[in-house]
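Data first, discussion second: the structure below is written as structure tokens.
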Amino acid sequence: MTSRSSQKQDRSGKKIIPYLMAGDPDLSVTRSLLLEARKAGVWAVELGIPFSDPTADGPVIQKAAIRALSDETSLLNVLSFLGTIPLSERPPVFIMTYFNLFLAMTIDKFIDESIRVGGVAGAVIPDLSFEDAKEVRESFKAAGLALVPFISPTTSLTRIKKILATADGFIYFVSLLGTTGKALTLSSTMEESVRDLRARTKLPVCVGFGIQTPEMAQKILDFADGVIVGSRLVQEEKDPVAWGNLLRQFCEVASVAASSPHQ
Amino acid sequence: MKTRKKESEASRMPDHSGYFGDFGGRFVSETLMEALYELEKAFKKAWSDRSFQKEYQEVLTEFVGRPSPLTLAEGLTDHAGGARIYLKREDLNHTGAHKINNAVGQALLARRMGKKRLIAETGAGQHGVATATVAAKYGFDCEIFMGSEDARRQSLNVFRMNLLGANVKEVDGGTRTLKDAISEALRDWAQSVLTTHYVLGTAFGPHPFPLMVRSFQSIIGREARQQIMKKEGRLPDALVACVGGGSNSLGLFHHFVGDESVRMYGIEAGGRSLTAGEHAARFQGGRIGVLQGSKTFVLQNADGQILRTHSVSAGLDYSAVGPELAYYFETGRVHFDMVGDDEALEAFDTLSRLEGIIPALESSHAIAYGIRLAKEMGRGKILIINLSGRGDKDVLEVARLRGGVLS
Ligand SMILES: Cc1ncc(COP(=O)(O)O)c(C=O)c1O
């Protein structure tokens, strides 16, 4: 059995998904951050694995990747590291990194290791397009892991339908054109897109890229199932206490939003 | 008409998903996917549209100066003492390299698509200069991404781009070379995609770039085929080209792929040695992986992290290679070998002194291998080397390497 069932088709409540870079600045800090996240009550963590050439990331996450990159933070080693932490001390994890790291490890081995260490719900792979993902998607599905799909403001309705037809885990709605870390300004088109997506799928629709403040998160949670908070938290990564405090502010607005009459 | 049939086989690649066999694809973020579809549609429509072809050919003739000559290199032939060596003179194109063929094509396409701004990556600076040139000619805003190490060693080209009105953005990330310039261009494109066209400079990246760049460069081989038939009355026995991403090599090879008697050689940068990080010979030290949009041979460590590369020539100094060449490597249609820094620098001198042509350091790799190969092939054989660019841009760097100070 895998442990991702808690993530599946869960549209109850409002979700906070922090992104954190494994090994920034080292894995013992990452262990503390995972514990903080667990205590704060996040739905899941996106655990980034540093890659030498992060083409979809802005400056903050690029720099975190440079700080974190070492032999200890290979995809395989980070999975083994997760295995050393009791399930009660870490939230469910989606592994997030670039496709070459999965290819180097092989998809089969990634699946085996994920199941072995437990608590791995799936993966988010920004440079694996829907079109190129068929085999990976099928292998993941067979193993009970979710390959989380992206939908961006540029995605056409035709492709949205195709993507939703095989989607699993949650829908990662990219809030803006560009890379991670750019500041987001809210727009009514985003709200419409998210509402439209929610009407087309049973999976939670979570919004990511550029969410800098709990206030911004609160406004988005008014119409979305969750938010992914990346660069803003990554800036605090070296200090688990400050990181935990900021994360709790995000989690508080989520619980307020969950009980608001809008839903 | 056996050759005809095989030729069209090469032209049918890639498949509709952008694959050459196992290689290629569209490994980019979702934000760019629709732009790639739009580009593919626009390119295919334009490429089969007579008025687009006419316009493209006209610019190649009137602005670029095509056809480029196929020059018999008598001094070099004597020096090698074997096959008769011809040089395909892409160095004589406007702006000094083959890169302009592709830049013109993509600029005309971007104009058709209603884009207002062009961005490009550049290594040696030749593609940056070519893009800045067509941007000036057609009135696009233009931004060029260039690794800061490359900007240093190709400073003349940085100045040229500025003269042409382009903004050159130096990239300090990673290894400060071509790979990092491509990453930065992809990041810019993800946010500017609605108004901007990314003029990728080599037969690499996500589909349809490898197809499109090869198509715009295939004019090289189309001319060379006609020229050699006219001069020698027969096909050449071998073709040699240097391989960065693959645009000048595929440009020369494409119209010969179906001719089994024509052997093809792609020459990578051997750098200082075959130690990891000291070269850019993807087919010698690389493994199948995915980088910057394409599944292909990639220099990487066991974990999948991309390795540093080194070459004396900025245009060959890159960790991955175009997917179509990866396919030809697997099928054996193209033979890959490498030439190191020292041998390339020697060929740089040899061609300058024997032919009165100063070659680009990239092209010098092909010249060096061509000398070896001509000797091996022996007299009575015919060899065409693609002289992809001229060496003016490299003069300062060569002087620096030799301890002279020119600036
Ligand atoms: C003169 C010249 N030749 C060759 C190359 C290598 O690129 P490609 O393999 O795409 O032809 C470059 C790239 O910058 C170049 O400037």
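Each chain in the structure tokens gets a letter, A, B, ..., in the order shown, and its residues are numbered from 1; ligands are numbered from 1 in order too.
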**Request:** When you get a sec, could you note down which chain B residues fall within 10 Å of chain A, using only C-alpha atoms, as a ChimeraX atom specification?
**Result:** /B:17-18,24-35,173-175,179-180,182-194,287-295,298,300-308
**Message:** Hey, which residues sit close to ligand 1? Say within 8 Å, counting only C-alpha atoms and all ligand atoms, and write them as JSON, numbers by chain.
**Reply:** {"B": [91, 96, 97, 98, 99, 122, 123, 124, 125, 126, 127, 201, 202, 203, 242, 243, 244, 245, 246, 247, 248, 249, 250, 314, 315, 316, 360, 361, 362, 363, 387, 388, 389, 390, 391]}
**Request:** Please measure the separation of CA of Gly114 (chain B) and CA of Tyr56 (chain B), giving the value in Å to one decimal.
**Result:** 17.0 Å
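In this structure, CA of Phe81 (chain A) sits 8.8 Å away from CA of Val117 (chain A).
Between CA of Phe204 (chain B) and CA of Leu36 (chain B) lies a distance of 13.5 Å.
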**Request:** Run DSSP on the backbone of this structure and report the residues of region 50-248 of chain A it assigns to strand (DSSP E or B), as a PyMOL selection string.
**Result:** chain A and resi 93-96+120-124+146-147+150-151+171-174+205-208+226-229
Pick out the residues sitting within 10 Å of Cys142 (chain B), and hand them over as an mmCIF file with N, CA and C atoms, in the first residue's frame; count only C-alpha atoms, and ignore anything fewer than 3 positions along from it in its own chain.
```
data_model
loop_
_atom_site.group_PDB
_atom_site.id
_atom_site.type_symbol
_atom_site.label_atom_id
_atom_site.label_comp_id
_atom_site.auth_asym_id
_atom_site.auth_seq_id
_atom_site.Cartn_x
_atom_site.Cartn_y
_atom_site.Cartn_z
ATOM 1 N N LYS B 116 6.235 41.021 -31.798
ATOM 2 C CA LYS B 116 6.865 42.348 -31.797
ATOM 3 C C LYS B 116 8.321 42.320 -31.341
ATOM 4 N N ARG B 117 8.689 41.221 -30.694
ATOM 5 C CA ARG B 117 9.996 41.205 -30.054
ATOM 6 C C ARG B 117 10.669 39.865 -30.336
ATOM 7 N N LEU B 118 11.983 39.915 -30.576
ATOM 8 C CA LEU B 118 12.758 38.694 -30.762
ATOM 9 C C LEU B 118 13.739 38.540 -29.606
ATOM 10 N N ILE B 119 13.837 37.309 -29.099
ATOM 11 C CA ILE B 119 14.897 37.020 -28.144
ATOM 12 C C ILE B 119 15.716 35.856 -28.696
ATOM 13 N N ALA B 120 16.956 35.754 -28.267
ATOM 14 C CA ALA B 120 17.797 34.646 -28.708
ATOM 15 C C ALA B 120 18.894 34.407 -27.692
ATOM 16 N N GLY B 128 23.620 35.554 -32.125
ATOM 17 C CA GLY B 128 23.148 36.805 -31.541
ATOM 18 C C GLY B 128 23.251 37.947 -32.544
ATOM 19 N N THR B 131 20.614 37.475 -35.244
ATOM 20 C CA THR B 131 19.268 37.831 -34.779
ATOM 21 C C THR B 131 19.133 39.346 -34.622
ATOM 22 N N ALA B 132 20.170 39.972 -34.063
ATOM 23 C CA ALA B 132 20.151 41.432 -33.918
ATOM 24 C C ALA B 132 20.040 42.096 -35.293
ATOM 25 N N THR B 133 20.689 41.491 -36.270
ATOM 26 C CA THR B 133 20.675 42.028 -37.642
ATOM 27 C C THR B 133 19.269 41.988 -38.243
ATOM 28 N N VAL B 134 18.625 40.827 -38.148
ATOM 29 C CA VAL B 134 17.281 40.751 -38.748
ATOM 30 C C VAL B 134 16.276 41.561 -37.933
ATOM 31 N N ALA B 135 16.520 41.687 -36.623
ATOM 32 C CA ALA B 135 15.638 42.517 -35.799
ATOM 33 C C ALA B 135 15.725 43.974 -36.257
ATOM 34 N N ALA B 136 16.962 44.425 -36.533
ATOM 35 C CA ALA B 136 17.142 45.793 -37.009
ATOM 36 C C ALA B 136 16.455 45.971 -38.368
ATOM 37 N N GLY B 139 12.589 45.706 -37.781
ATOM 38 C CA GLY B 139 11.975 46.550 -36.766
ATOM 39 C C GLY B 139 11.417 45.828 -35.555
ATOM 40 N N MET B 161 26.429 43.505 -31.600
ATOM 41 C CA MET B 161 24.998 43.416 -31.268
ATOM 42 C C MET B 161 24.484 44.751 -30.744
ATOM 43 N N LEU B 164 23.889 47.159 -33.443
ATOM 44 C CA LEU B 164 22.679 46.835 -34.212
ATOM 45 C C LEU B 164 21.403 47.142 -33.437
ATOM 46 N N GLY B 165 21.572 47.651 -32.217
ATOM 47 C CA GLY B 165 20.404 48.091 -31.459
ATOM 48 C C GLY B 165 19.813 47.042 -30.536
ATOM 49 N N ALA B 166 20.503 45.904 -30.382
ATOM 50 C CA ALA B 166 19.982 44.866 -29.488
ATOM 51 C C ALA B 166 20.499 45.093 -28.071
ATOM 52 N N ASN B 167 19.728 44.611 -27.119
ATOM 53 C CA ASN B 167 20.150 44.652 -25.734
ATOM 54 C C ASN B 167 20.777 43.296 -25.402
ATOM 55 N N VAL B 168 22.038 43.286 -24.988
ATOM 56 C CA VAL B 168 22.701 42.021 -24.657
ATOM 57 C C VAL B 168 22.648 41.813 -23.159
ATOM 58 N N THR B 196 6.362 37.721 -27.959
ATOM 59 C CA THR B 196 7.763 37.511 -28.306
ATOM 60 C C THR B 196 7.970 36.190 -29.028
ATOM 61 N N HIS B 197 8.846 36.195 -30.021
ATOM 62 C CA HIS B 197 9.283 34.936 -30.625
ATOM 63 C C HIS B 197 10.715 34.634 -30.168
#
```
**Prompt:** Leu20 (chain A): which residues within 10 Å, counting only C-alpha atoms, same-chain residues fewer than 3 positions away excluded, as a PyMOL selection string?
**Reply:** chain A and resi 17+23-24+30+33-34+45-49+61+64+96+229-231+233-237
Save out the residues we just selected, N, CA, C and O atoms, as a PDB file, in the first residue's frame.
```
ATOM      1  N   ILE A  17       0.295  24.142   0.471  1.00  0.00           N
ATOM      2  CA  ILE A  17       1.379  23.255   0.031  1.00  0.00           C
ATOM      3  C   ILE A  17       2.656  24.081  -0.049  1.00  0.00           C
ATOM      4  O   ILE A  17       2.858  24.830  -1.007  1.00  0.00           O
ATOM      5  N   GLY A  23      17.855  19.967   1.174  1.00  0.00           N
ATOM      6  CA  GLY A  23      19.283  20.201   1.303  1.00  0.00           C
ATOM      7  C   GLY A  23      19.685  21.662   1.344  1.00  0.00           C
ATOM      8  O   GLY A  23      20.875  21.978   1.325  1.00  0.00           O
ATOM      9  N   ASP A  24      18.706  22.562   1.389  1.00  0.00           N
ATOM     10  CA  ASP A  24      19.027  23.991   1.510  1.00  0.00           C
ATOM     11  C   ASP A  24      18.831  24.413   2.958  1.00  0.00           C
ATOM     12  O   ASP A  24      17.689  24.483   3.406  1.00  0.00           O
ATOM     13  N   THR A  30      16.397  20.502   6.460  1.00  0.00           N
ATOM     14  CA  THR A  30      15.221  20.007   5.734  1.00  0.00           C
ATOM     15  C   THR A  30      14.357  19.135   6.650  1.00  0.00           C
ATOM     16  O   THR A  30      13.128  19.229   6.649  1.00  0.00           O
ATOM     17  N   LEU A  33      12.383  21.400   8.819  1.00  0.00           N
ATOM     18  CA  LEU A  33      11.300  22.062   8.078  1.00  0.00           C
ATOM     19  C   LEU A  33      10.132  21.103   7.856  1.00  0.00           C
ATOM     20  O   LEU A  33       8.962  21.491   7.957  1.00  0.00           O
ATOM     21  N   LEU A  34      10.456  19.853   7.565  1.00  0.00           N
ATOM     22  CA  LEU A  34       9.376  18.875   7.355  1.00  0.00           C
ATOM     23  C   LEU A  34       8.564  18.688   8.634  1.00  0.00           C
ATOM     24  O   LEU A  34       7.331  18.603   8.597  1.00  0.00           O
ATOM     25  N   VAL A  45       3.699  18.581   1.181  1.00  0.00           N
ATOM     26  CA  VAL A  45       4.858  19.411   0.868  1.00  0.00           C
ATOM     27  C   VAL A  45       5.308  19.068  -0.545  1.00  0.00           C
ATOM     28  O   VAL A  45       5.260  17.911  -0.954  1.00  0.00           O
ATOM     29  N   GLU A  46       5.698  20.116  -1.302  1.00  0.00           N
ATOM     30  CA  GLU A  46       6.398  19.857  -2.551  1.00  0.00           C
ATOM     31  C   GLU A  46       7.876  19.892  -2.222  1.00  0.00           C
ATOM     32  O   GLU A  46       8.403  20.950  -1.865  1.00  0.00           O
ATOM     33  N   LEU A  47       8.515  18.749  -2.335  1.00  0.00           N
ATOM     34  CA  LEU A  47       9.920  18.680  -1.950  1.00  0.00           C
ATOM     35  C   LEU A  47      10.788  18.793  -3.204  1.00  0.00           C
ATOM     36  O   LEU A  47      10.832  17.868  -4.030  1.00  0.00           O
ATOM     37  N   GLY A  48      11.449  19.931  -3.342  1.00  0.00           N
ATOM     38  CA  GLY A  48      12.296  20.163  -4.505  1.00  0.00           C
ATOM     39  C   GLY A  48      13.621  19.436  -4.385  1.00  0.00           C
ATOM     40  O   GLY A  48      14.205  19.373  -3.308  1.00  0.00           O
ATOM     41  N   ILE A  49      14.083  18.873  -5.493  1.00  0.00           N
ATOM     42  CA  ILE A  49      15.416  18.264  -5.546  1.00  0.00           C
ATOM     43  C   ILE A  49      16.251  19.182  -6.429  1.00  0.00           C
ATOM     44  O   ILE A  49      15.836  19.490  -7.549  1.00  0.00           O
ATOM     45  N   ILE A  61      14.695  30.417  -6.331  1.00  0.00           N
ATOM     46  CA  ILE A  61      14.828  28.953  -6.307  1.00  0.00           C
ATOM     47  C   ILE A  61      16.102  28.507  -7.019  1.00  0.00           C
ATOM     48  O   ILE A  61      16.737  27.528  -6.618  1.00  0.00           O
ATOM     49  N   ALA A  64      18.668  28.749  -4.367  1.00  0.00           N
ATOM     50  CA  ALA A  64      18.500  27.669  -3.394  1.00  0.00           C
ATOM     51  C   ALA A  64      19.058  26.367  -3.961  1.00  0.00           C
ATOM     52  O   ALA A  64      19.692  25.584  -3.249  1.00  0.00           O
ATOM     53  N   MET A  96       9.368  17.262  -6.351  1.00  0.00           N
ATOM     54  CA  MET A  96       9.330  18.180  -7.489  1.00  0.00           C
ATOM     55  C   MET A  96      10.728  18.432  -8.025  1.00  0.00           C
ATOM     56  O   MET A  96      11.586  18.972  -7.335  1.00  0.00           O
ATOM     57  N   VAL A 229       3.045  27.620  -1.965  1.00  0.00           N
ATOM     58  CA  VAL A 229       3.866  28.777  -1.627  1.00  0.00           C
ATOM     59  C   VAL A 229       5.327  28.375  -1.795  1.00  0.00           C
ATOM     60  O   VAL A 229       5.827  27.512  -1.074  1.00  0.00           O
ATOM     61  N   GLY A 230       6.000  28.985  -2.764  1.00  0.00           N
ATOM     62  CA  GLY A 230       7.357  28.581  -3.099  1.00  0.00           C
ATOM     63  C   GLY A 230       8.405  29.581  -2.661  1.00  0.00           C
ATOM     64  O   GLY A 230       8.854  29.582  -1.515  1.00  0.00           O
ATOM     65  N   SER A 231       8.777  30.476  -3.584  1.00  0.00           N
ATOM     66  CA  SER A 231       9.922  31.360  -3.368  1.00  0.00           C
ATOM     67  C   SER A 231       9.869  32.123  -2.041  1.00  0.00           C
ATOM     68  O   SER A 231      10.889  32.280  -1.369  1.00  0.00           O
ATOM     69  N   LEU A 233       8.688  31.312   0.847  1.00  0.00           N
ATOM     70  CA  LEU A 233       9.142  30.475   1.959  1.00  0.00           C
ATOM     71  C   LEU A 233      10.605  30.060   1.792  1.00  0.00           C
ATOM     72  O   LEU A 233      11.346  29.964   2.765  1.00  0.00           O
ATOM     73  N   VAL A 234      11.001  29.818   0.556  1.00  0.00           N
ATOM     74  CA  VAL A 234      12.387  29.394   0.310  1.00  0.00           C
ATOM     75  C   VAL A 234      13.361  30.450   0.837  1.00  0.00           C
ATOM     76  O   VAL A 234      14.435  30.121   1.359  1.00  0.00           O
ATOM     77  N   GLN A 235      12.944  31.726   0.755  1.00  0.00           N
ATOM     78  CA  GLN A 235      13.808  32.792   1.288  1.00  0.00           C
ATOM     79  C   GLN A 235      14.093  32.624   2.773  1.00  0.00           C
ATOM     80  O   GLN A 235      15.086  33.150   3.283  1.00  0.00           O
ATOM     81  N   GLU A 236      13.205  31.944   3.504  1.00  0.00           N
ATOM     82  CA  GLU A 236      13.367  31.798   4.958  1.00  0.00           C
ATOM     83  C   GLU A 236      13.971  30.457   5.338  1.00  0.00           C
ATOM     84  O   GLU A 236      14.074  30.134   6.519  1.00  0.00           O
ATOM     85  N   GLU A 237      14.347  29.656   4.350  1.00  0.00           N
ATOM     86  CA  GLU A 237      14.664  28.260   4.609  1.00  0.00           C
ATOM     87  C   GLU A 237      15.776  28.016   5.608  1.00  0.00           C
ATOM     88  O   GLU A 237      15.766  27.027   6.328  1.00  0.00           O
TER      89      GLU A 237
END
```
**Request:** For region 160-172 of chain A, list every protein, DNA or RNA residue within 6 Å, evaluated using only C-alpha atoms, and leave out those in the same chain fewer than 4 positions away; present the list as JSON, numbers by chain.
**Result:** {"A": [8, 146, 148, 149, 150, 203, 204, 205, 206]}
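By only C-alpha atoms, and with residues fewer than 4 positions from Phe223 (chain A) along its chain excluded, the set lying at most 8 Å from it is Glu191, Val194, Arg195 and Lys219 of chain A.
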Dump of N, CA and C atoms for the selected residues, as a PDB file, in the first residue's frame:
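Generated output (selection00.pdb):
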```
ATOM      1  N   GLU A 191      -9.460  33.951 -11.491  1.00  0.00           N
ATOM      2  CA  GLU A 191     -10.571  33.394 -10.720  1.00  0.00           C
ATOM      3  C   GLU A 191     -11.513  32.608 -11.631  1.00  0.00           C
ATOM      4  N   VAL A 194      -9.949  29.261 -12.611  1.00  0.00           N
ATOM      5  CA  VAL A 194      -9.938  28.273 -11.533  1.00  0.00           C
ATOM      6  C   VAL A 194     -11.354  27.738 -11.306  1.00  0.00           C
ATOM      7  N   ARG A 195     -12.336  28.628 -11.305  1.00  0.00           N
ATOM      8  CA  ARG A 195     -13.723  28.168 -11.112  1.00  0.00           C
ATOM      9  C   ARG A 195     -14.129  27.216 -12.235  1.00  0.00           C
ATOM     10  N   LYS A 219      -7.108  35.458  -0.446  1.00  0.00           N
ATOM     11  CA  LYS A 219      -7.971  35.851  -1.561  1.00  0.00           C
ATOM     12  C   LYS A 219      -8.108  34.718  -2.574  1.00  0.00           C
TER      13      LYS A 219
END
```
**Prompt:** Could you pull the residues within 9 Å of Phe253 (chain B), counting only C-alpha atoms, minus those fewer than 3 positions along the same chain, as a PyMOL selection string?
**Reply:** chain B and resi 218+220-221+239-241+248-250+256-257+264
**Message:** With DSSP run on the backbone, what are the helix (DSSP H, G or I) residues within region 164-243 of chain B? I'd like them as a ChimeraX atom specification.
**Reply:** /B:178-192,209-217,219-232
Output of the above residues as an mmCIF file, in the first residue's frame, restricted to C-alpha atoms:
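Full text of out27.cif as output:
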```cif
data_model
loop_
_atom_site.group_PDB
_atom_site.id
_atom_site.type_symbol
_atom_site.label_atom_id
_atom_site.label_comp_id
_atom_site.auth_asym_id
_atom_site.auth_seq_id
_atom_site.Cartn_x
_atom_site.Cartn_y
_atom_site.Cartn_z
ATOM 1 C CA LEU B 178 25.611 28.724 -24.007
ATOM 2 C CA LYS B 179 23.609 26.349 -21.800
ATOM 3 C CA ASP B 180 22.891 29.072 -19.271
ATOM 4 C CA ALA B 181 21.996 31.527 -22.017
ATOM 5 C CA ILE B 182 19.388 29.049 -23.324
ATOM 6 C CA SER B 183 17.919 28.592 -19.828
ATOM 7 C CA GLU B 184 17.601 32.335 -19.427
ATOM 8 C CA ALA B 185 16.007 32.725 -22.862
ATOM 9 C CA LEU B 186 13.467 30.006 -21.982
ATOM 10 C CA ARG B 187 12.654 31.838 -18.732
ATOM 11 C CA ASP B 188 12.137 35.106 -20.558
ATOM 12 C CA TRP B 189 9.984 33.397 -23.169
ATOM 13 C CA ALA B 190 7.732 31.869 -20.502
ATOM 14 C CA GLN B 191 6.684 35.334 -19.466
ATOM 15 C CA SER B 192 6.795 37.131 -22.807
ATOM 16 C CA PHE B 209 12.756 24.051 -33.343
ATOM 17 C CA PRO B 210 14.957 21.140 -34.499
ATOM 18 C CA LEU B 211 12.775 20.712 -37.595
ATOM 19 C CA MET B 212 12.511 24.420 -38.306
ATOM 20 C CA VAL B 213 16.195 25.242 -37.888
ATOM 21 C CA ARG B 214 17.258 22.270 -39.991
ATOM 22 C CA SER B 215 14.819 23.348 -42.697
ATOM 23 C CA PHE B 216 16.080 26.929 -42.777
ATOM 24 C CA GLN B 217 19.684 25.678 -42.889
ATOM 25 C CA ILE B 219 19.817 25.618 -48.170
ATOM 26 C CA ILE B 220 23.521 24.894 -47.462
ATOM 27 C CA GLY B 221 23.351 21.307 -48.678
ATOM 28 C CA ARG B 222 20.907 22.061 -51.469
ATOM 29 C CA GLU B 223 23.375 24.515 -52.980
ATOM 30 C CA ALA B 224 26.392 22.313 -52.268
ATOM 31 C CA ARG B 225 24.766 19.387 -54.093
ATOM 32 C CA GLN B 226 24.127 21.469 -57.209
ATOM 33 C CA GLN B 227 27.551 23.076 -57.060
ATOM 34 C CA ILE B 228 29.490 19.835 -56.750
ATOM 35 C CA MET B 229 27.458 18.222 -59.531
ATOM 36 C CA LYS B 230 28.374 21.151 -61.732
ATOM 37 C CA LYS B 231 32.065 21.194 -60.812
ATOM 38 C CA GLU B 232 32.762 17.471 -60.560
#
```
